[in-house]
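Structure first, then comments.
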Amino acid sequence: MGFCRIRLAAGIVLGAVVATTDAIAATAIAKRIGLPRRIVDILEGESLVNDATGLLALEFASPSW
């Protein structure tokens with residue numbers, strides 16, 4: 001037990017679920033403020049990497065419950 005009295009694996013799962021960004025919201029905001037398409041593409045790609053990282057963290061933490 002740690003500071004918040006939850007297991008490390010539960011903390012990693014919680015972090016994996018809440019840490020990923022919403023690509024659609026980021027894209028909508030970027031288009032609304034007029035960012036160039038190239039930057040929007042980079043933001044969308046970065047969001048996909050974040051999603052994949054969150055899924056991997058969830059996959060690695062889930063079996064250890």
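Ordered as shown in the structure tokens, chains take letters A, B, and onward, while each chain numbers its residues from 1 and ligands are numbered from 1 in the order shown.
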If you run DSSP on this backbone, which residues of chain A come out as helix (DSSP H, G or I), and could you give them as a PyMOL selection string? chain A and resi 8-19+23-32+37-64
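For the choices A:Gly15, A:Ala10, A:Phe60, A:Val40, the atom-to-atom distance to A:Ala28 is smallest for A:Val40 when using only C-alpha atoms.
When only C-alpha atoms are used to compute distances to A:Leu43, the closest of the residues A:Ala16, A:Leu56, A:Arg7, A:Ala23 turns out to be A:Ala23.
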Which is closest to A:Lys31 among A:Val13, A:Glu44, A:Ala19, A:Gly54, if we use only C-alpha atoms? A:Glu44
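The residue set within 12 Å of A:Leu14, counting only C-alpha atoms and dropping same-chain residues fewer than 4 places from it, reads Ile6, Arg7, Leu8, Ala9, Ala10, Val18, Ala19, Thr20, Gly54, Leu55, Ala57, Leu58, Ala61 and Ser62 of chain A.
Distance annotation: of A:Arg32, A:Ile39, A:Val17, A:Ile24, the residue with the minimal separation from A:Ala52 is A:Val17; atom set is only C-alpha atoms.
Counting from atom CA of A:Gly11, the distance to atom CA of A:Ile42 is 29.2 Å.
Take atom CA of A:Gly34 and atom CA of A:Val49: the distance between them is 23.4 Å.
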